[in-house]
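Reading through the C-alpha cells given below for one structure.
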Amino acid sequence: MTQALLKPWFLVCTLAIGGGVLAGCQPKSDVQPEAAKQQSQNKENAISAIQAKVVPVKLSKPEACDAEGCIQYDIQTVNSNLKWIDDYFIARIKKADPIAFSTEPNQKINTSDGAAPNLSQSSTYVRFVSQYYDQATFAIQSYSYSAGAAHGMYHQEFVNFDLNTKKRLALEDILVKGAEQQVLDALYDANTMWLEQHNIERSQLKLSDNFYYGANGLVFVYPLYELASYAEGMTELNLPYAAMTQLIKAEYLPSLPHYPAP
C-alpha cells in the first residue's frame with residue numbers, strides 16, 4: 001500500500017524536476033530588454049563630474065645648473081578622474097620646461113673670482129576652476145624670475161575643454177561662424193569706460209583666445225602690459241552672456257533665465 005502511494009508522487013516529482021531542467025536549458029534571447037539598452041546608452045553618454053586635486057610633479061631636476069647659475073623649479077599639476085586631461089597638462093609642462101625633466105647631469109657652477117652665479121626661479125601650477133555640464137575650465141598659473149631682473153613675470157592661462165569631444169576649446173570653436181567682429185564690438189561697448197580711461201581706442205582692441213566662463217559673462221583675459229601696466233596686473237574684460245545669445249553656438253551658451261523686457 002505504501003509503495004503504491006509513493007510511486008505516483010515519485011513520478012510527479014521526477015517530471016517536475018525534469019521540466020525544470022529542460023526549462024533551464026532553453027537558449028537565452030540575444031535581444032536585450034529595451035530598458036537595459038537605454039540604461040547602457042545613458043551610461044556611455046553620461047558626463048563625469050570632475051574630481052581634481054593639485055599634486056607635485058616629480059622632477060628629474062628640481063634645480064638645474066650650468067656654469068652661470070641655477071634655476072629652481074616648482075611644478076604642480078592636477079590629478080583628476082579623467083586621465084586624458086591629466087596627460088594633456090603633463091605634456092604641456094614637459095614641452096614648456098624640458099630641462100626640469102632632463103636626465104643630463106648638472107654642469108659645474110663657475111665660482112672663480114669675479115663670477116656672479118645666478119639663481120632664477122620657475123613655477124607652474126595647474127588647477128581645476130569650474131565645470132558647466134560638458135565644458136570644464138582649468139587654469140595654468142606660471143611665474144618666472146630671472147636673476148637680476150626688477151621683478152618676476154607671471155601669467156595665467158585658462159584652458160577650456162569639451163568633455164564630449166575630449167578636445168580643448170579655442171574661441172573660434174564656441175563662436176558662431178563670422179561673429180568675431182560683432183563680439184569685439186560688443187566687448188568694447190561693455191567695457192567702454194575702462195578702455196577709454198586707458199586710452200585704448202576701438203580699433204586697438206583685439207579678441208583674446210585666453211578666456212573663461214564667468215558667473216555673468218564670458219571673460220577675456222589679456223597678458224601683462226598688453227592693455228595696462230604691470231602694477232594693474234592682467235586685464236580681464238567681461239562680456240555679458242545676454243549680449244552673446246546670437247554670437248555663441250547654442251551648445252556652448254550657458255542656460256540663461258528669461259529676463260523681463262525693460
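Chain labels follow the order of the C-alpha cells: the first chain is A, the next B, and so on; residue numbering restarts at 1 in every chain, and ligands are counted from 1 in their shown order.
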So that each row is one residue of region 210-234 of chain A with an atom at most 10 Å from region 150-154 of chain A, can you give its shortest atom pair and the distance in Å to one decimal, using only C-alpha atoms, rows by chain and rising number, as JSON lines?
```
{"residue": "A:Pro223", "atom": "CA", "partner": "A:Tyr154", "partner_atom": "CA", "distance": 8.8}
{"residue": "A:Leu224", "atom": "CA", "partner": "A:Tyr154", "partner_atom": "CA", "distance": 8.0}
{"residue": "A:Tyr230", "atom": "CA", "partner": "A:Met153", "partner_atom": "CA", "distance": 9.1}
{"residue": "A:Gly233", "atom": "CA", "partner": "A:Tyr154", "partner_atom": "CA", "distance": 9.1}
{"residue": "A:Met234", "atom": "CA", "partner": "A:Tyr154", "partner_atom": "CA", "distance": 9.0}
```
Same residues, N, CA and C atoms, saved as a short mmCIF file (atom, residue, chain, number, x, y, z; two decimals), in the first residue's frame:
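The resulting again_1.cif:
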```cif
data_model
loop_
_atom_site.label_atom_id
_atom_site.label_comp_id
_atom_site.auth_asym_id
_atom_site.auth_seq_id
_atom_site.Cartn_x
_atom_site.Cartn_y
_atom_site.Cartn_z
N PRO A 223 47.37 89.49 -21.30
CA PRO A 223 48.63 89.38 -20.56
C PRO A 223 49.12 90.72 -20.02
N LEU A 224 50.10 90.63 -19.13
CA LEU A 224 50.71 91.82 -18.57
C LEU A 224 51.19 92.76 -19.68
N TYR A 230 52.09 96.92 -15.39
CA TYR A 230 52.41 95.73 -14.58
C TYR A 230 51.71 95.81 -13.23
N GLY A 233 48.24 94.55 -13.21
CA GLY A 233 48.10 93.11 -13.42
C GLY A 233 47.46 92.76 -14.76
N MET A 234 47.13 91.49 -14.90
CA MET A 234 46.48 91.03 -16.12
C MET A 234 45.07 91.60 -16.20
#
```
field: Shell of 12 Å around Arg92 (chain A), only C-alpha atoms, local chain residues under 6 positions omitted, as a PyMOL selection string
entry: chain A and resi 75+77+85-86+98+124-126+140+159
task: Can you pull out every residue within 10 Å of region 142-149 of chain A, counting only C-alpha atoms, but drop anything in the same chain fewer than 3 positions away, and send it as a PyMOL selection string?
output: chain A and resi 69-75+117-126+139+152-157
query: Which neighbours of Ala116 (chain A) fall inside 10 Å, counting only C-alpha atoms, when residues of the same chain fewer than 6 positions from it are skipped, and could you give them as an NGL selection string?
result: :A and (68-69 or 109-110)
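Every protein or nucleic acid residue with an atom no more than 12 Å from Lys167 (chain A), counting only C-alpha atoms and leaving out same-chain residues fewer than 5 positions away, appears here: Trp84, Ile85, Tyr88, Asp134, Gln135, Ala136, Thr137, Val159, Asn160, Phe161, Asp162 and Asp173 of chain A.
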Keeping only all heavy atoms, take the residues you just selected and write them out as a CSV table (one decimal), in the first residue's frame.
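Dumped everything to selection_33.csv:
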```csv
chain,number,residue,atom,x,y,z
A,84,TRP,N,42.9,61.7,-19.6
A,84,TRP,CA,43.3,62.4,-20.8
A,84,TRP,C,43.5,63.9,-20.5
A,84,TRP,O,44.4,64.5,-21.1
A,84,TRP,CB,42.2,62.2,-21.9
A,84,TRP,CG,40.9,62.8,-21.6
A,84,TRP,CD1,39.8,62.1,-21.0
A,84,TRP,CD2,40.4,64.1,-21.9
A,84,TRP,NE1,38.7,63.0,-20.9
A,84,TRP,CE2,39.0,64.2,-21.5
A,84,TRP,CE3,40.9,65.2,-22.5
A,84,TRP,CZ2,38.2,65.3,-21.6
A,84,TRP,CZ3,40.2,66.4,-22.7
A,84,TRP,CH2,38.8,66.4,-22.2
A,85,ILE,N,42.8,64.4,-19.5
A,85,ILE,CA,43.1,65.8,-19.1
A,85,ILE,C,44.4,65.9,-18.3
A,85,ILE,O,45.2,66.7,-18.6
A,85,ILE,CB,42.0,66.3,-18.2
A,85,ILE,CG1,40.7,66.6,-19.0
A,85,ILE,CG2,42.4,67.6,-17.4
A,85,ILE,CD1,39.5,67.1,-18.3
A,88,TYR,N,47.2,65.7,-20.8
A,88,TYR,CA,47.3,67.0,-21.6
A,88,TYR,C,48.2,67.9,-20.9
A,88,TYR,O,49.1,68.5,-21.5
A,88,TYR,CB,45.9,67.6,-21.8
A,88,TYR,CG,46.0,69.0,-22.4
A,88,TYR,CD1,46.0,69.2,-23.7
A,88,TYR,CD2,46.0,70.1,-21.5
A,88,TYR,CE1,46.0,70.5,-24.3
A,88,TYR,CE2,46.1,71.4,-22.0
A,88,TYR,CZ,46.1,71.6,-23.4
A,88,TYR,OH,46.1,72.9,-23.9
A,134,ASP,N,29.1,69.7,-19.8
A,134,ASP,CA,30.1,69.1,-20.6
A,134,ASP,C,31.3,70.0,-21.0
A,134,ASP,O,32.0,69.7,-21.9
A,134,ASP,CB,29.5,68.5,-21.9
A,134,ASP,CG,28.7,69.5,-22.7
A,134,ASP,OD1,28.7,70.7,-22.3
A,134,ASP,OD2,28.2,69.1,-23.8
A,135,GLN,N,31.4,71.1,-20.3
A,135,GLN,CA,32.5,72.0,-20.5
A,135,GLN,C,33.2,72.2,-19.2
A,135,GLN,O,32.6,72.5,-18.2
A,135,GLN,CB,32.0,73.4,-21.0
A,135,GLN,CG,31.3,73.3,-22.4
A,135,GLN,CD,30.3,74.3,-22.6
A,135,GLN,OE1,30.5,75.5,-22.2
A,135,GLN,NE2,29.1,74.0,-23.1
A,136,ALA,N,34.5,72.1,-19.2
A,136,ALA,CA,35.3,72.3,-18.0
A,136,ALA,C,36.5,73.3,-18.2
A,136,ALA,O,37.0,73.3,-19.3
A,136,ALA,CB,35.9,70.9,-17.6
A,137,THR,N,36.8,74.0,-17.2
A,137,THR,CA,37.8,75.0,-17.3
A,137,THR,C,38.9,74.8,-16.2
A,137,THR,O,38.6,74.5,-15.0
A,137,THR,CB,37.2,76.4,-17.0
A,137,THR,OG1,36.2,76.7,-18.0
A,137,THR,CG2,38.3,77.5,-17.1
A,159,VAL,N,42.2,77.1,-19.7
A,159,VAL,CA,42.1,76.1,-20.7
A,159,VAL,C,40.7,75.5,-20.5
A,159,VAL,O,40.3,75.0,-19.5
A,159,VAL,CB,43.2,75.0,-20.4
A,159,VAL,CG1,43.0,73.9,-21.5
A,159,VAL,CG2,44.6,75.6,-20.5
A,160,ASN,N,39.9,75.6,-21.6
A,160,ASN,CA,38.6,75.1,-21.6
A,160,ASN,C,38.5,73.8,-22.5
A,160,ASN,O,39.0,73.7,-23.6
A,160,ASN,CB,37.6,76.1,-22.2
A,160,ASN,CG,37.7,77.5,-21.5
A,160,ASN,OD1,37.2,77.6,-20.4
A,160,ASN,ND2,38.4,78.4,-22.0
A,161,PHE,N,37.8,72.8,-21.9
A,161,PHE,CA,37.7,71.5,-22.6
A,161,PHE,C,36.2,71.2,-22.9
A,161,PHE,O,35.3,71.6,-22.1
A,161,PHE,CB,38.2,70.4,-21.7
A,161,PHE,CG,39.7,70.4,-21.5
A,161,PHE,CD1,40.2,70.7,-20.3
A,161,PHE,CD2,40.5,70.1,-22.5
A,161,PHE,CE1,41.6,70.7,-20.1
A,161,PHE,CE2,41.9,70.1,-22.4
A,161,PHE,CZ,42.4,70.4,-21.1
A,162,ASP,N,36.0,70.6,-24.1
A,162,ASP,CA,34.7,70.0,-24.4
A,162,ASP,C,34.8,68.5,-23.9
A,162,ASP,O,35.6,67.7,-24.5
A,162,ASP,CB,34.4,70.1,-25.9
A,162,ASP,CG,33.1,69.5,-26.3
A,162,ASP,OD1,32.6,68.5,-25.6
A,162,ASP,OD2,32.4,70.1,-27.2
A,173,ASP,N,36.0,78.0,-31.8
A,173,ASP,CA,35.2,76.8,-31.7
A,173,ASP,C,33.8,77.1,-31.1
A,173,ASP,O,32.9,76.4,-31.4
A,173,ASP,CB,35.9,75.7,-30.8
A,173,ASP,CG,37.2,75.3,-31.4
A,173,ASP,OD1,37.2,75.2,-32.7
A,173,ASP,OD2,38.1,75.0,-30.7
```
field: Residues flagged helix (DSSP H, G or I) by DSSP in region 160-249 of chain A, as a count of residues only
entry: 27
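Using only C-alpha atoms for every distance, the candidate list A:His258, A:Lys94, A:Lys53, A:Lys61 yields A:Lys53 as the residue closest to Arg127 (chain A).
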- prompt: Which of region 54-155 of chain A counts as strand (DSSP E or B) under DSSP, as a ChimeraX atom specification please?
  reply: /A:54-56,63-66,69-80,118-132,135-145,153-155
Would you output that residue set with N, CA and C atoms, as a short mmCIF file (atom, residue, chain, number, x, y, z; two decimals), in the first residue's frame?
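For reference, again_1.cif as written:
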```cif
data_model
loop_
_atom_site.label_atom_id
_atom_site.label_comp_id
_atom_site.auth_asym_id
_atom_site.auth_seq_id
_atom_site.Cartn_x
_atom_site.Cartn_y
_atom_site.Cartn_z
N VAL A 54 45.37 69.08 -6.67
CA VAL A 54 46.68 69.52 -7.14
C VAL A 54 47.76 68.69 -6.45
N VAL A 55 48.68 68.18 -7.26
CA VAL A 55 49.76 67.34 -6.73
C VAL A 55 51.10 67.80 -7.30
N PRO A 56 52.20 67.62 -6.57
CA PRO A 56 53.51 67.98 -7.10
C PRO A 56 53.95 67.02 -8.20
N GLU A 63 66.36 71.43 -9.44
CA GLU A 63 67.28 72.57 -9.60
C GLU A 63 68.25 72.22 -10.72
N ALA A 64 68.20 72.97 -11.80
CA ALA A 64 69.07 72.73 -12.95
C ALA A 64 70.15 73.80 -13.00
N CYS A 65 71.40 73.37 -13.14
CA CYS A 65 72.52 74.31 -13.08
C CYS A 65 73.42 74.21 -14.31
N ASP A 66 73.96 75.36 -14.69
CA ASP A 66 75.03 75.41 -15.67
C ASP A 66 76.12 76.31 -15.12
N GLY A 69 74.85 79.60 -13.33
CA GLY A 69 73.99 79.56 -12.14
C GLY A 69 72.94 78.47 -12.23
N CYS A 70 71.89 78.62 -11.43
CA CYS A 70 70.87 77.57 -11.33
C CYS A 70 69.46 78.15 -11.49
N ILE A 71 68.56 77.27 -11.91
CA ILE A 71 67.13 77.58 -11.95
C ILE A 71 66.42 76.58 -11.04
N GLN A 72 65.64 77.10 -10.12
CA GLN A 72 64.85 76.24 -9.24
C GLN A 72 63.44 76.09 -9.81
N TYR A 73 62.97 74.85 -9.91
CA TYR A 73 61.66 74.57 -10.48
C TYR A 73 60.68 74.11 -9.40
N ASP A 74 59.47 74.62 -9.50
CA ASP A 74 58.37 74.16 -8.65
C ASP A 74 57.18 73.94 -9.58
N ILE A 75 56.83 72.68 -9.81
CA ILE A 75 55.78 72.35 -10.77
C ILE A 75 54.73 71.47 -10.10
N GLN A 76 53.49 71.89 -10.21
CA GLN A 76 52.36 71.14 -9.66
C GLN A 76 51.26 71.06 -10.71
N THR A 77 50.59 69.94 -10.76
CA THR A 77 49.53 69.76 -11.76
C THR A 77 48.33 69.08 -11.12
N VAL A 78 47.32 68.79 -11.94
CA VAL A 78 46.11 68.17 -11.41
C VAL A 78 46.17 66.65 -11.55
N ASN A 79 45.61 65.99 -10.57
CA ASN A 79 45.38 64.56 -10.63
C ASN A 79 43.87 64.39 -10.55
N SER A 80 43.25 64.05 -11.69
CA SER A 80 41.79 64.02 -11.75
C SER A 80 41.28 62.63 -12.10
N ASN A 118 74.07 82.99 -10.85
CA ASN A 118 72.68 83.44 -10.76
C ASN A 118 71.80 82.36 -10.14
N LEU A 119 70.73 82.79 -9.50
CA LEU A 119 69.72 81.86 -9.00
C LEU A 119 68.36 82.37 -9.49
N SER A 120 67.78 81.64 -10.43
CA SER A 120 66.48 82.02 -11.01
C SER A 120 65.40 81.05 -10.54
N GLN A 121 64.15 81.44 -10.77
CA GLN A 121 63.03 80.61 -10.33
C GLN A 121 62.03 80.43 -11.47
N SER A 122 61.41 79.26 -11.49
CA SER A 122 60.36 78.98 -12.47
C SER A 122 59.29 78.11 -11.80
N SER A 123 58.07 78.61 -11.79
CA SER A 123 56.97 77.88 -11.15
C SER A 123 55.81 77.70 -12.12
N THR A 124 55.18 76.54 -12.05
CA THR A 124 53.99 76.26 -12.86
C THR A 124 52.98 75.51 -12.01
N TYR A 125 51.76 76.03 -11.96
CA TYR A 125 50.70 75.39 -11.17
C TYR A 125 49.45 75.23 -12.04
N VAL A 126 48.90 74.04 -12.05
CA VAL A 126 47.66 73.76 -12.77
C VAL A 126 46.57 73.49 -11.74
N ARG A 127 45.39 74.07 -11.96
CA ARG A 127 44.28 73.84 -11.02
C ARG A 127 42.96 73.77 -11.78
N PHE A 128 42.00 73.09 -11.18
CA PHE A 128 40.65 72.99 -11.73
C PHE A 128 39.87 74.23 -11.31
N VAL A 129 39.13 74.83 -12.26
CA VAL A 129 38.38 76.05 -11.98
C VAL A 129 36.88 75.78 -11.86
N SER A 130 36.28 75.22 -12.92
CA SER A 130 34.83 75.04 -12.89
C SER A 130 34.39 74.05 -13.97
N GLN A 131 33.14 73.62 -13.85
CA GLN A 131 32.54 72.74 -14.85
C GLN A 131 31.11 73.15 -15.09
N TYR A 132 30.76 73.28 -16.36
CA TYR A 132 29.37 73.55 -16.75
C TYR A 132 28.93 72.40 -17.64
N GLN A 135 31.38 71.12 -20.30
CA GLN A 135 32.50 72.03 -20.50
C GLN A 135 33.22 72.23 -19.18
N ALA A 136 34.53 72.12 -19.22
CA ALA A 136 35.32 72.26 -17.99
C ALA A 136 36.45 73.25 -18.21
N THR A 137 36.76 74.01 -17.17
CA THR A 137 37.81 75.03 -17.25
C THR A 137 38.89 74.76 -16.21
N PHE A 138 40.13 74.82 -16.67
CA PHE A 138 41.30 74.71 -15.80
C PHE A 138 42.16 75.96 -16.00
N ALA A 139 43.07 76.19 -15.07
CA ALA A 139 43.98 77.34 -15.19
C ALA A 139 45.42 76.88 -15.02
N ILE A 140 46.29 77.44 -15.86
CA ILE A 140 47.73 77.23 -15.72
C ILE A 140 48.34 78.54 -15.24
N GLN A 141 48.85 78.54 -14.02
CA GLN A 141 49.49 79.73 -13.46
C GLN A 141 51.00 79.54 -13.53
N SER A 142 51.68 80.51 -14.09
CA SER A 142 53.13 80.39 -14.22
C SER A 142 53.81 81.65 -13.69
N TYR A 143 55.01 81.46 -13.16
CA TYR A 143 55.80 82.57 -12.63
C TYR A 143 57.27 82.28 -12.93
N SER A 144 57.97 83.30 -13.37
CA SER A 144 59.40 83.14 -13.61
C SER A 144 60.14 84.39 -13.14
N TYR A 145 61.29 84.15 -12.58
CA TYR A 145 62.14 85.26 -12.14
C TYR A 145 63.57 84.97 -12.59
N MET A 153 57.89 87.70 -13.64
CA MET A 153 56.79 87.79 -14.60
C MET A 153 55.83 86.63 -14.33
N TYR A 154 54.55 86.93 -14.34
CA TYR A 154 53.56 85.88 -14.12
C TYR A 154 52.51 85.91 -15.22
N HIS A 155 51.83 84.79 -15.35
CA HIS A 155 50.80 84.67 -16.38
C HIS A 155 49.79 83.63 -15.92
#
```
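In this structure, CA of Ala261 (chain A) sits 15.2 Å away from CA of Thr245 (chain A).
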query: Nearest to Tyr252 (chain A) among A:Asn81, A:Ser48, A:Asn164, A:Asn106, with distances taken over only C-alpha atoms: which residue is it?
result: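 Selected residue with least distance to Tyr252 (chain A): A:Asn164.
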- request: Can you pull out every residue within 9 Å of Gly217 (chain A), counting only C-alpha atoms, but drop anything in the same chain fewer than 6 positions away, and send it as a list in words?
  value: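 Neighbouring residues, sequence-local ones excluded: Asn238, Leu239, Pro240, Tyr241, Ala242, Ala243 and Met244 of chain A.
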message: I'd like the contact shell of Leu187 (chain A) - 8 Å cut-off, only C-alpha atoms, skipping same-chain residues fewer than 2 positions apart - returned as JSON, numbers by chain.
response: {"A": [183, 184, 185, 189, 190, 191, 237, 238, 239]}
field: Nearest to Ile90 (chain A) by atom-to-atom distance, counting only C-alpha atoms, from A:Val57, A:Leu256, A:Ala52, A:Ala186
entry: A:Val57
